[in-house]
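Listing of entry_29.txt, compact mmCIF, N, CA and C atoms
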```txt
# COMPACT_ATOMS: atom_id res chain seq x y z
N MET S 991 -4.29 16.77 -1.61
CA MET S 991 -3.32 16.03 -2.39
C MET S 991 -3.53 16.36 -3.87
N ASP S 992 -2.47 16.52 -4.57
CA ASP S 992 -2.50 16.81 -6.00
C ASP S 992 -2.94 15.55 -6.75
N SER S 993 -4.05 15.62 -7.46
CA SER S 993 -4.58 14.44 -8.16
C SER S 993 -3.62 13.92 -9.22
N ARG S 994 -2.69 14.75 -9.69
CA ARG S 994 -1.73 14.28 -10.69
C ARG S 994 -0.73 13.29 -10.07
N LEU S 995 -0.70 13.21 -8.75
CA LEU S 995 0.19 12.28 -8.06
C LEU S 995 -0.50 10.95 -7.73
N CYS S 996 -1.74 10.80 -8.13
CA CYS S 996 -2.47 9.55 -7.95
C CYS S 996 -2.52 8.84 -9.29
N VAL S 997 -1.97 7.65 -9.35
CA VAL S 997 -1.96 6.90 -10.59
C VAL S 997 -2.80 5.64 -10.43
N GLN S 998 -3.52 5.33 -11.47
CA GLN S 998 -4.40 4.16 -11.49
C GLN S 998 -3.66 3.01 -12.15
N LEU S 999 -3.71 1.86 -11.53
CA LEU S 999 -3.16 0.67 -12.16
C LEU S 999 -4.06 0.25 -13.30
N GLU S 1000 -3.46 -0.16 -14.40
CA GLU S 1000 -4.22 -0.66 -15.53
C GLU S 1000 -4.08 -2.18 -15.56
N GLY S 1001 -5.11 -2.85 -16.01
CA GLY S 1001 -5.06 -4.31 -16.06
C GLY S 1001 -5.75 -4.93 -14.87
N THR S 1002 -5.92 -6.23 -14.94
CA THR S 1002 -6.64 -6.95 -13.89
C THR S 1002 -5.84 -8.07 -13.27
N GLU S 1003 -4.64 -8.32 -13.76
CA GLU S 1003 -3.86 -9.44 -13.25
C GLU S 1003 -2.99 -9.01 -12.08
N ALA S 1004 -2.80 -9.91 -11.13
CA ALA S 1004 -1.90 -9.63 -10.02
C ALA S 1004 -0.46 -9.70 -10.51
N GLY S 1005 0.41 -9.04 -9.81
CA GLY S 1005 1.82 -9.06 -10.19
C GLY S 1005 2.39 -7.66 -10.14
N SER S 1006 3.61 -7.52 -10.59
CA SER S 1006 4.29 -6.23 -10.46
C SER S 1006 4.38 -5.45 -11.76
N GLU S 1007 3.94 -6.00 -12.89
CA GLU S 1007 4.07 -5.29 -14.17
C GLU S 1007 3.24 -4.02 -14.22
N PHE S 1008 1.97 -4.08 -13.84
CA PHE S 1008 1.13 -2.89 -13.90
C PHE S 1008 1.58 -1.82 -12.89
N PRO S 1009 1.95 -2.20 -11.68
CA PRO S 1009 2.50 -1.19 -10.76
C PRO S 1009 3.80 -0.57 -11.28
N TYR S 1010 4.62 -1.37 -11.94
CA TYR S 1010 5.86 -0.88 -12.54
C TYR S 1010 5.52 0.23 -13.54
N GLN S 1011 4.54 -0.03 -14.40
CA GLN S 1011 4.15 0.96 -15.40
C GLN S 1011 3.54 2.20 -14.76
N ALA S 1012 2.73 2.02 -13.74
CA ALA S 1012 2.11 3.17 -13.06
C ALA S 1012 3.18 4.03 -12.38
N THR S 1013 4.18 3.40 -11.80
CA THR S 1013 5.26 4.14 -11.17
C THR S 1013 6.07 4.90 -12.21
N ALA S 1014 6.27 4.30 -13.37
CA ALA S 1014 6.97 5.00 -14.45
C ALA S 1014 6.22 6.27 -14.82
N ARG S 1015 4.89 6.20 -14.94
CA ARG S 1015 4.10 7.40 -15.27
C ARG S 1015 4.23 8.44 -14.17
N LEU S 1016 4.22 8.00 -12.93
CA LEU S 1016 4.33 8.92 -11.80
C LEU S 1016 5.68 9.63 -11.79
N VAL S 1017 6.75 8.87 -11.91
CA VAL S 1017 8.10 9.44 -11.86
C VAL S 1017 8.36 10.33 -13.06
N GLU S 1018 7.92 9.92 -14.22
CA GLU S 1018 8.17 10.70 -15.43
C GLU S 1018 7.31 11.95 -15.51
N GLY S 1019 6.34 12.10 -14.60
CA GLY S 1019 5.53 13.31 -14.54
C GLY S 1019 6.29 14.50 -13.98
N ASN S 1020 7.46 14.25 -13.39
CA ASN S 1020 8.34 15.30 -12.85
C ASN S 1020 7.67 16.21 -11.83
N LEU S 1021 6.70 15.69 -11.09
CA LEU S 1021 6.12 16.43 -9.98
C LEU S 1021 6.81 15.96 -8.70
N PRO S 1022 7.18 16.87 -7.82
CA PRO S 1022 7.87 16.44 -6.60
C PRO S 1022 6.94 15.67 -5.66
N PHE S 1023 7.44 14.59 -5.12
CA PHE S 1023 6.73 13.85 -4.09
C PHE S 1023 7.75 13.15 -3.22
N THR S 1024 7.37 12.80 -2.03
CA THR S 1024 8.33 12.19 -1.09
C THR S 1024 7.95 10.79 -0.68
N ALA S 1025 6.78 10.28 -1.14
CA ALA S 1025 6.37 8.95 -0.71
C ALA S 1025 5.40 8.35 -1.72
N ILE S 1026 5.37 7.03 -1.73
CA ILE S 1026 4.38 6.28 -2.49
C ILE S 1026 3.66 5.38 -1.50
N PHE S 1027 2.33 5.41 -1.57
CA PHE S 1027 1.53 4.47 -0.80
C PHE S 1027 0.91 3.52 -1.80
N ALA S 1028 1.36 2.28 -1.80
CA ALA S 1028 0.87 1.28 -2.74
C ALA S 1028 -0.30 0.53 -2.12
N PHE S 1029 -1.27 0.16 -2.95
CA PHE S 1029 -2.46 -0.45 -2.39
C PHE S 1029 -2.24 -1.89 -1.95
N ASN S 1030 -1.14 -2.51 -2.36
CA ASN S 1030 -0.77 -3.82 -1.83
C ASN S 1030 0.74 -4.01 -2.03
N HIS S 1031 1.27 -5.12 -1.57
CA HIS S 1031 2.72 -5.32 -1.66
C HIS S 1031 3.20 -5.69 -3.05
N HIS S 1032 2.36 -6.30 -3.85
CA HIS S 1032 2.76 -6.56 -5.24
C HIS S 1032 3.00 -5.22 -5.95
N SER S 1033 2.13 -4.27 -5.67
CA SER S 1033 2.30 -2.93 -6.24
C SER S 1033 3.56 -2.26 -5.72
N ALA S 1034 3.83 -2.41 -4.45
CA ALA S 1034 5.04 -1.81 -3.87
C ALA S 1034 6.29 -2.41 -4.50
N ILE S 1035 6.31 -3.70 -4.72
CA ILE S 1035 7.47 -4.37 -5.31
C ILE S 1035 7.67 -3.91 -6.75
N GLY S 1036 6.59 -3.76 -7.51
CA GLY S 1036 6.70 -3.22 -8.86
C GLY S 1036 7.22 -1.80 -8.86
N ALA S 1037 6.79 -1.01 -7.90
CA ALA S 1037 7.26 0.37 -7.78
C ALA S 1037 8.75 0.41 -7.47
N ILE S 1038 9.20 -0.46 -6.58
CA ILE S 1038 10.61 -0.50 -6.22
C ILE S 1038 11.46 -0.80 -7.45
N ALA S 1039 11.02 -1.74 -8.27
CA ALA S 1039 11.80 -2.10 -9.47
C ALA S 1039 11.97 -0.88 -10.37
N ARG S 1040 10.90 -0.13 -10.60
CA ARG S 1040 10.99 1.04 -11.48
C ARG S 1040 11.83 2.14 -10.86
N LEU S 1041 11.67 2.35 -9.57
CA LEU S 1041 12.44 3.40 -8.89
C LEU S 1041 13.94 3.10 -8.94
N LYS S 1042 14.29 1.83 -8.73
CA LYS S 1042 15.71 1.44 -8.79
C LYS S 1042 16.27 1.67 -10.18
N GLU S 1043 15.50 1.31 -11.22
CA GLU S 1043 15.96 1.55 -12.59
C GLU S 1043 16.20 3.03 -12.85
N ARG S 1044 15.40 3.86 -12.24
CA ARG S 1044 15.52 5.31 -12.40
C ARG S 1044 16.68 5.88 -11.57
N GLY S 1045 17.30 5.04 -10.75
CA GLY S 1045 18.42 5.49 -9.92
C GLY S 1045 17.99 6.10 -8.61
N LEU S 1046 16.74 5.86 -8.23
CA LEU S 1046 16.23 6.40 -6.98
C LEU S 1046 16.40 5.38 -5.87
N HIS S 1047 16.58 5.87 -4.67
CA HIS S 1047 16.82 5.02 -3.51
C HIS S 1047 15.69 5.17 -2.51
N ILE S 1048 15.12 4.01 -2.14
CA ILE S 1048 14.08 4.01 -1.12
C ILE S 1048 14.73 4.46 0.19
N ARG S 1049 14.10 5.31 0.91
CA ARG S 1049 14.50 5.97 2.15
C ARG S 1049 15.28 7.25 1.87
N GLN S 1050 16.30 7.22 1.04
CA GLN S 1050 17.07 8.44 0.80
C GLN S 1050 16.29 9.42 -0.08
N ASP S 1051 15.66 8.92 -1.14
CA ASP S 1051 14.95 9.78 -2.08
C ASP S 1051 13.45 9.84 -1.82
N LEU S 1052 12.88 8.75 -1.38
CA LEU S 1052 11.45 8.72 -1.07
C LEU S 1052 11.13 7.51 -0.21
N SER S 1053 9.98 7.58 0.44
CA SER S 1053 9.50 6.47 1.26
C SER S 1053 8.46 5.69 0.48
N LEU S 1054 8.29 4.43 0.90
CA LEU S 1054 7.32 3.57 0.23
C LEU S 1054 6.59 2.75 1.29
N VAL S 1055 5.27 2.73 1.20
CA VAL S 1055 4.44 1.98 2.14
C VAL S 1055 3.54 1.05 1.35
N GLY S 1056 3.46 -0.19 1.78
CA GLY S 1056 2.56 -1.17 1.17
C GLY S 1056 1.36 -1.41 2.06
N PHE S 1057 0.54 -2.36 1.66
CA PHE S 1057 -0.69 -2.66 2.39
C PHE S 1057 -0.90 -4.16 2.42
N ASP S 1058 -1.22 -4.70 3.55
CA ASP S 1058 -1.61 -6.08 3.81
C ASP S 1058 -0.57 -6.93 4.53
N ASN S 1059 0.67 -6.50 4.59
CA ASN S 1059 1.70 -7.22 5.35
C ASN S 1059 1.82 -8.68 4.93
N ILE S 1060 2.00 -8.91 3.62
CA ILE S 1060 2.20 -10.28 3.15
C ILE S 1060 3.51 -10.83 3.73
N PRO S 1061 3.67 -12.14 3.79
CA PRO S 1061 4.88 -12.72 4.40
C PRO S 1061 6.19 -12.19 3.81
N GLY S 1062 6.26 -11.92 2.52
CA GLY S 1062 7.50 -11.45 1.92
C GLY S 1062 7.82 -9.99 2.20
N ALA S 1063 6.92 -9.26 2.81
CA ALA S 1063 7.16 -7.84 3.07
C ALA S 1063 8.36 -7.62 3.99
N GLN S 1064 8.53 -8.49 4.94
CA GLN S 1064 9.63 -8.34 5.89
C GLN S 1064 10.97 -8.71 5.26
N THR S 1065 10.99 -9.63 4.31
CA THR S 1065 12.25 -10.08 3.73
C THR S 1065 12.57 -9.39 2.41
N ASN S 1066 11.67 -8.56 1.90
CA ASN S 1066 11.94 -7.81 0.69
C ASN S 1066 13.13 -6.88 0.94
N ASN S 1067 13.79 -6.44 -0.14
CA ASN S 1067 14.91 -5.50 0.02
C ASN S 1067 14.55 -4.20 -0.69
N PRO S 1068 14.24 -3.14 0.05
CA PRO S 1068 14.20 -3.04 1.51
C PRO S 1068 12.94 -3.69 2.08
N SER S 1069 13.00 -4.02 3.37
CA SER S 1069 11.81 -4.55 4.01
C SER S 1069 10.75 -3.45 3.99
N LEU S 1070 9.50 -3.84 3.72
CA LEU S 1070 8.44 -2.87 3.46
C LEU S 1070 7.68 -2.44 4.70
N THR S 1071 7.61 -1.14 4.90
CA THR S 1071 6.68 -0.59 5.87
C THR S 1071 5.29 -0.91 5.34
N THR S 1072 4.38 -1.27 6.23
CA THR S 1072 3.08 -1.76 5.78
C THR S 1072 1.95 -1.34 6.70
N VAL S 1073 0.77 -1.34 6.13
CA VAL S 1073 -0.46 -1.25 6.92
C VAL S 1073 -0.95 -2.68 7.07
N ARG S 1074 -1.06 -3.11 8.31
CA ARG S 1074 -1.45 -4.50 8.60
C ARG S 1074 -2.93 -4.55 8.95
N GLN S 1075 -3.64 -5.41 8.26
CA GLN S 1075 -5.05 -5.63 8.54
C GLN S 1075 -5.17 -6.63 9.68
N PRO S 1076 -6.03 -6.38 10.65
CA PRO S 1076 -6.23 -7.36 11.73
C PRO S 1076 -7.18 -8.46 11.25
N LEU S 1077 -6.63 -9.41 10.51
CA LEU S 1077 -7.45 -10.41 9.84
C LEU S 1077 -8.31 -11.23 10.80
N ARG S 1078 -7.74 -11.63 11.91
CA ARG S 1078 -8.53 -12.43 12.87
C ARG S 1078 -9.74 -11.63 13.37
N ALA S 1079 -9.52 -10.38 13.72
CA ALA S 1079 -10.62 -9.53 14.19
C ALA S 1079 -11.66 -9.33 13.09
N MET S 1080 -11.20 -9.21 11.84
CA MET S 1080 -12.13 -9.03 10.73
C MET S 1080 -13.01 -10.27 10.54
N VAL S 1081 -12.40 -11.44 10.63
CA VAL S 1081 -13.15 -12.68 10.47
C VAL S 1081 -14.15 -12.84 11.61
N GLU S 1082 -13.73 -12.55 12.85
CA GLU S 1082 -14.63 -12.67 14.00
C GLU S 1082 -15.80 -11.70 13.88
N MET S 1083 -15.53 -10.47 13.47
CA MET S 1083 -16.60 -9.48 13.32
C MET S 1083 -17.59 -9.92 12.23
N ALA S 1084 -17.08 -10.41 11.11
CA ALA S 1084 -17.95 -10.84 10.03
C ALA S 1084 -18.79 -12.05 10.45
N ALA S 1085 -18.15 -13.00 11.11
CA ALA S 1085 -18.87 -14.19 11.57
C ALA S 1085 -19.97 -13.81 12.56
N ASN S 1086 -19.65 -12.93 13.51
CA ASN S 1086 -20.65 -12.49 14.48
C ASN S 1086 -21.80 -11.75 13.80
N ALA S 1087 -21.50 -10.94 12.79
CA ALA S 1087 -22.55 -10.23 12.08
C ALA S 1087 -23.48 -11.21 11.37
N ILE S 1088 -22.91 -12.23 10.75
CA ILE S 1088 -23.73 -13.24 10.06
C ILE S 1088 -24.58 -14.01 11.05
N LEU S 1089 -23.99 -14.38 12.19
CA LEU S 1089 -24.76 -15.10 13.21
C LEU S 1089 -25.91 -14.25 13.73
N ARG S 1090 -25.67 -12.95 13.94
CA ARG S 1090 -26.76 -12.06 14.37
C ARG S 1090 -27.84 -11.97 13.29
N PHE S 1091 -27.40 -11.93 12.03
CA PHE S 1091 -28.35 -11.85 10.92
C PHE S 1091 -29.24 -13.10 10.87
N LEU S 1092 -28.66 -14.25 11.15
CA LEU S 1092 -29.40 -15.52 11.08
C LEU S 1092 -30.19 -15.82 12.35
N ASP S 1093 -29.94 -15.13 13.42
CA ASP S 1093 -30.61 -15.36 14.70
C ASP S 1093 -32.06 -14.86 14.62
N PRO S 1094 -33.03 -15.75 14.89
CA PRO S 1094 -34.44 -15.34 14.82
C PRO S 1094 -34.78 -14.20 15.79
N GLN S 1095 -34.07 -14.06 16.88
CA GLN S 1095 -34.37 -13.00 17.85
C GLN S 1095 -33.98 -11.62 17.33
N THR S 1096 -32.99 -11.54 16.43
CA THR S 1096 -32.59 -10.23 15.89
C THR S 1096 -33.22 -9.97 14.54
N CYS S 1097 -33.98 -10.93 14.02
CA CYS S 1097 -34.77 -10.77 12.79
C CYS S 1097 -33.97 -10.24 11.60
N GLY S 1098 -32.82 -10.80 11.36
CA GLY S 1098 -32.07 -10.45 10.16
C GLY S 1098 -31.45 -9.06 10.16
N VAL S 1099 -31.17 -8.54 11.35
CA VAL S 1099 -30.54 -7.22 11.42
C VAL S 1099 -29.04 -7.37 11.14
N MET S 1100 -28.58 -6.59 10.18
CA MET S 1100 -27.16 -6.60 9.82
C MET S 1100 -26.60 -5.21 10.12
N PRO S 1101 -25.44 -5.15 10.79
CA PRO S 1101 -24.87 -3.82 11.06
C PRO S 1101 -24.58 -3.08 9.76
N ALA S 1102 -24.79 -1.77 9.77
CA ALA S 1102 -24.55 -0.96 8.58
C ALA S 1102 -23.07 -0.93 8.23
N THR S 1103 -22.23 -0.89 9.22
CA THR S 1103 -20.78 -0.89 8.97
C THR S 1103 -20.08 -1.76 10.01
N LEU S 1104 -18.98 -2.29 9.60
CA LEU S 1104 -18.09 -3.01 10.50
C LEU S 1104 -16.74 -2.32 10.36
N ALA S 1105 -16.17 -1.87 11.45
CA ALA S 1105 -14.90 -1.14 11.37
C ALA S 1105 -13.85 -1.84 12.21
N VAL S 1106 -12.67 -1.93 11.65
CA VAL S 1106 -11.53 -2.48 12.37
C VAL S 1106 -10.41 -1.45 12.34
N LYS S 1107 -9.54 -1.54 13.28
CA LYS S 1107 -8.42 -0.61 13.35
C LYS S 1107 -7.17 -1.29 12.81
N PRO S 1108 -6.67 -0.81 11.66
CA PRO S 1108 -5.43 -1.40 11.13
C PRO S 1108 -4.23 -0.94 11.95
N GLY S 1109 -3.12 -1.59 11.74
CA GLY S 1109 -1.88 -1.21 12.40
C GLY S 1109 -0.83 -0.86 11.36
N VAL S 1110 0.17 -0.14 11.78
CA VAL S 1110 1.28 0.20 10.89
C VAL S 1110 2.52 -0.49 11.41
N VAL S 1111 3.22 -1.18 10.51
CA VAL S 1111 4.48 -1.84 10.85
C VAL S 1111 5.58 -1.07 10.14
N ILE S 1112 6.41 -0.40 10.91
CA ILE S 1112 7.49 0.40 10.34
C ILE S 1112 8.69 -0.50 10.06
N ARG S 1113 9.15 -0.46 8.81
CA ARG S 1113 10.33 -1.23 8.42
C ARG S 1113 11.29 -0.30 7.68
N ASN S 1114 12.11 -0.85 6.79
CA ASN S 1114 13.19 -0.08 6.17
C ASN S 1114 12.83 0.70 4.91
N SER S 1115 11.56 0.76 4.53
CA SER S 1115 11.22 1.48 3.30
C SER S 1115 10.72 2.89 3.56
N THR S 1116 10.78 3.34 4.79
CA THR S 1116 10.33 4.69 5.10
C THR S 1116 11.33 5.41 6.00
N SER S 1117 11.44 6.70 5.78
CA SER S 1117 12.22 7.60 6.63
C SER S 1117 11.96 9.01 6.15
N PRO S 1118 12.32 10.00 6.93
CA PRO S 1118 12.22 11.37 6.42
C PRO S 1118 13.13 11.52 5.20
N VAL S 1119 12.62 12.13 4.14
CA VAL S 1119 13.40 12.32 2.93
C VAL S 1119 14.26 13.56 3.11
N ALA S 1120 15.56 13.38 2.93
CA ALA S 1120 16.51 14.46 3.19
C ALA S 1120 16.49 15.54 2.13
N ASN S 1121 16.33 15.18 0.86
CA ASN S 1121 16.53 16.15 -0.20
C ASN S 1121 15.53 15.92 -1.33
N LYS S 1122 14.38 16.61 -1.27
CA LYS S 1122 13.35 16.44 -2.28
C LYS S 1122 13.82 16.89 -3.66
N SER S 1123 14.65 17.91 -3.75
CA SER S 1123 15.09 18.39 -5.05
C SER S 1123 15.98 17.37 -5.75
N ARG S 1124 16.68 16.52 -5.00
CA ARG S 1124 17.51 15.46 -5.57
C ARG S 1124 16.66 14.51 -6.39
N PHE S 1125 15.44 14.26 -5.93
CA PHE S 1125 14.54 13.36 -6.62
C PHE S 1125 14.29 13.83 -8.05
N LEU S 1126 14.01 15.10 -8.22
CA LEU S 1126 13.68 15.62 -9.56
C LEU S 1126 14.91 15.73 -10.45
N ALA S 1127 16.09 15.77 -9.87
CA ALA S 1127 17.30 15.94 -10.66
C ALA S 1127 17.70 14.66 -11.39
N LYS S 1128 17.15 13.52 -11.00
CA LYS S 1128 17.59 12.24 -11.59
C LYS S 1128 16.87 11.95 -12.86
```

Could the structure of this file be written out as structure tokens, please?
Amino acid sequence: MDSRLCVQLEGTEAGSEFPYQATARLVEGNLPFTAIFAFNHHSAIGAIARLKERGLHIRQDLSLVGFDNIPGAQTNNPSLTTVRQPLRAMVEMAANAILRFLDPQTCGVMPATLAVKPGVVIRNSTSPVANKSRFLAK
């Protein structure tokens, strides 16, 4: 992956302003790309706002994927394709690891890693991009 297509959010506050600015830097870099993977849905929503201002259309010009499957992801316009974390499984794994750690028979053994398998929920913010050159022309 071209590192010039990876943008870092600036700031520490939640919301869509910093993702909006990061998307502006990405789009104004004039490098061709067909998708944005946002690290959460607030970032995805900020990206959508900037892309719409630029005259770009989600699905036709590029795809957008968020992370965490917040409740508003399904009702956003467009509804957001997302990576869904298996929260219940994560809590159960963490609780079991802590119980094993506290159990005198296991003598404080903590697993080195805990891995869960995320899921992908396909919605209306992704599709094959028909015309990559159209993106740069706007």

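Atom pair atom CA of Pro1061 of chain S / atom N of Val1119 of chain S: separated by 26.0 Å.
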
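Closest approach to Thr1013 of chain S among S:Leu995, S:Asn1086, S:Arg1040, S:Asn1066: S:Arg1040, based on only C-alpha atoms.
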
With a cut-off of 6 Å, could you pull out the residues of segment 1040-1084 of chain S touching segment 1089-1111 of chain S and give me the nearest pair of atoms for each, distance in Å to one decimal, using only C-alpha atoms, ordered by chain and ascending number, as JSON lines?
```
{"residue": "S:Thr1071", "atom": "CA", "partner": "S:Val1111", "partner_atom": "CA", "distance": 5.6}
{"residue": "S:Thr1072", "atom": "CA", "partner": "S:Val1111", "partner_atom": "CA", "distance": 5.3}
{"residue": "S:Val1073", "atom": "CA", "partner": "S:Val1110", "partner_atom": "CA", "distance": 4.6}
{"residue": "S:Arg1074", "atom": "CA", "partner": "S:Gly1109", "partner_atom": "CA", "distance": 5.0}
{"residue": "S:Gln1075", "atom": "CA", "partner": "S:Pro1108", "partner_atom": "CA", "distance": 5.0}
```

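Neighbours of Asn1114 of chain S closer than or equal to 6 Å, with all atoms listed in the file counted and sequence neighbours fewer than 2 positions away skipped, come out as Pro1068, Ser1069, Leu1070, Thr1071, Ile1112 and Thr1116 of chain S.
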
- prompt: So how far away is atom C of Ala1025 of chain S from atom C of Pro1076 of chain S, in Å?
  reply: 24.7 Å

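Contact shell of Leu999 of chain S at 8 Å (all atoms listed in the file; same-chain neighbours under 4 positions omitted): Phe1008, Pro1009, Gln1011, Ala1012 and Thr1013 of chain S.
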
Where does DSSP see strand (DSSP E) in chain S, if you list the residues as an mmCIF file with N, CA and C atoms, in the coordinates of the input?
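Output below, filename part_3.cif:
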```cif
data_model
loop_
_atom_site.group_PDB
_atom_site.id
_atom_site.type_symbol
_atom_site.label_atom_id
_atom_site.label_comp_id
_atom_site.auth_asym_id
_atom_site.auth_seq_id
_atom_site.Cartn_x
_atom_site.Cartn_y
_atom_site.Cartn_z
ATOM 1 N N ALA S 1025 6.780 10.280 -1.140
ATOM 2 C CA ALA S 1025 6.370 8.950 -0.710
ATOM 3 C C ALA S 1025 5.400 8.350 -1.720
ATOM 4 N N ILE S 1026 5.370 7.030 -1.730
ATOM 5 C CA ILE S 1026 4.380 6.280 -2.490
ATOM 6 C C ILE S 1026 3.660 5.380 -1.500
ATOM 7 N N PHE S 1027 2.330 5.410 -1.570
ATOM 8 C CA PHE S 1027 1.530 4.470 -0.800
ATOM 9 C C PHE S 1027 0.910 3.520 -1.800
ATOM 10 N N SER S 1053 9.980 7.580 0.440
ATOM 11 C CA SER S 1053 9.500 6.470 1.260
ATOM 12 C C SER S 1053 8.460 5.690 0.480
ATOM 13 N N LEU S 1054 8.290 4.430 0.900
ATOM 14 C CA LEU S 1054 7.320 3.570 0.230
ATOM 15 C C LEU S 1054 6.590 2.750 1.290
ATOM 16 N N VAL S 1055 5.270 2.730 1.200
ATOM 17 C CA VAL S 1055 4.440 1.980 2.140
ATOM 18 C C VAL S 1055 3.540 1.050 1.350
ATOM 19 N N GLY S 1056 3.460 -0.190 1.780
ATOM 20 C CA GLY S 1056 2.560 -1.170 1.170
ATOM 21 C C GLY S 1056 1.360 -1.410 2.060
ATOM 22 N N PHE S 1057 0.540 -2.360 1.660
ATOM 23 C CA PHE S 1057 -0.690 -2.660 2.390
ATOM 24 C C PHE S 1057 -0.900 -4.160 2.420
ATOM 25 N N THR S 1071 7.610 -1.140 4.900
ATOM 26 C CA THR S 1071 6.680 -0.590 5.870
ATOM 27 C C THR S 1071 5.290 -0.910 5.340
ATOM 28 N N THR S 1072 4.380 -1.270 6.230
ATOM 29 C CA THR S 1072 3.080 -1.760 5.780
ATOM 30 C C THR S 1072 1.950 -1.340 6.700
ATOM 31 N N VAL S 1073 0.770 -1.340 6.130
ATOM 32 C CA VAL S 1073 -0.460 -1.250 6.920
ATOM 33 C C VAL S 1073 -0.950 -2.680 7.070
ATOM 34 N N ARG S 1074 -1.060 -3.110 8.310
ATOM 35 C CA ARG S 1074 -1.450 -4.500 8.600
ATOM 36 C C ARG S 1074 -2.930 -4.550 8.950
ATOM 37 N N GLY S 1109 -3.120 -1.590 11.740
ATOM 38 C CA GLY S 1109 -1.880 -1.210 12.400
ATOM 39 C C GLY S 1109 -0.830 -0.860 11.360
ATOM 40 N N VAL S 1110 0.170 -0.140 11.780
ATOM 41 C CA VAL S 1110 1.280 0.200 10.890
ATOM 42 C C VAL S 1110 2.520 -0.490 11.410
ATOM 43 N N VAL S 1111 3.220 -1.180 10.510
ATOM 44 C CA VAL S 1111 4.480 -1.840 10.850
ATOM 45 C C VAL S 1111 5.580 -1.070 10.140
#
```

query: S:Gln1064, S:His1032, S:Ser1115, S:Ala1079: which is nearest His1047 of chain S, counting only C-alpha atoms?
result: S:Ser1115

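For the pair atom CA of Glu1000 of chain S and atom CA of Asn1067 of chain S, the separation is 25.1 Å.
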
- request: For Cys996 of chain S, work out the shell of residues within 8 Å, counting all atoms listed in the file and skipping chain neighbours fewer than 4 positions away, then give it as a ChimeraX atom specification.
  value: /S:991-992,1016

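Proximity of S:Ala1084, S:Ile1048, S:Ile1038, S:Leu1021 to Arg994 of chain S, computed with only C-alpha atoms, is greatest for S:Leu1021.
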
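The shortest atom-to-atom distance to Glu1007 of chain S, with only C-alpha atoms taken into account, belongs to S:Ser1033 out of S:Asn1020, S:Ser1053, S:Ser993, S:Ser1033.
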
task: Using DSSP on the backbone coordinates, identify all residues within chain S classified as helix (DSSP H, G or I); present the result as a ChimeraX atom specification.
output: /S:993-995,1007-1018,1031-1043,1061-1063,1077-1092,1122-1127

task: Identify which of the residues S:Leu1054, S:Ala1014, S:Leu1046, S:Ile1088 lies closest to Ile1026 of chain S, counting only N, CA and C atoms when measuring atom-to-atom distances.
output: S:Leu1054

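In terms of minimum interatomic distance to Tyr1010 of chain S, S:Ala1037 ranks closest within S:Ala1037, S:Thr1024, S:Val997, S:Phe1029, counting only C-alpha atoms.
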
Let me have the centre and edge lengths of the axis-aligned box enclosing all listed atoms of segment 1017-1020 of chain S with 4 Å padding on every side, in Å to one decimal, as lines of an AutoDock Vina configuration file.
```
center_x = 6.9
center_y = 12.5
center_z = -13.7
size_x = 10.8
size_y = 15.3
size_z = 11.7
```
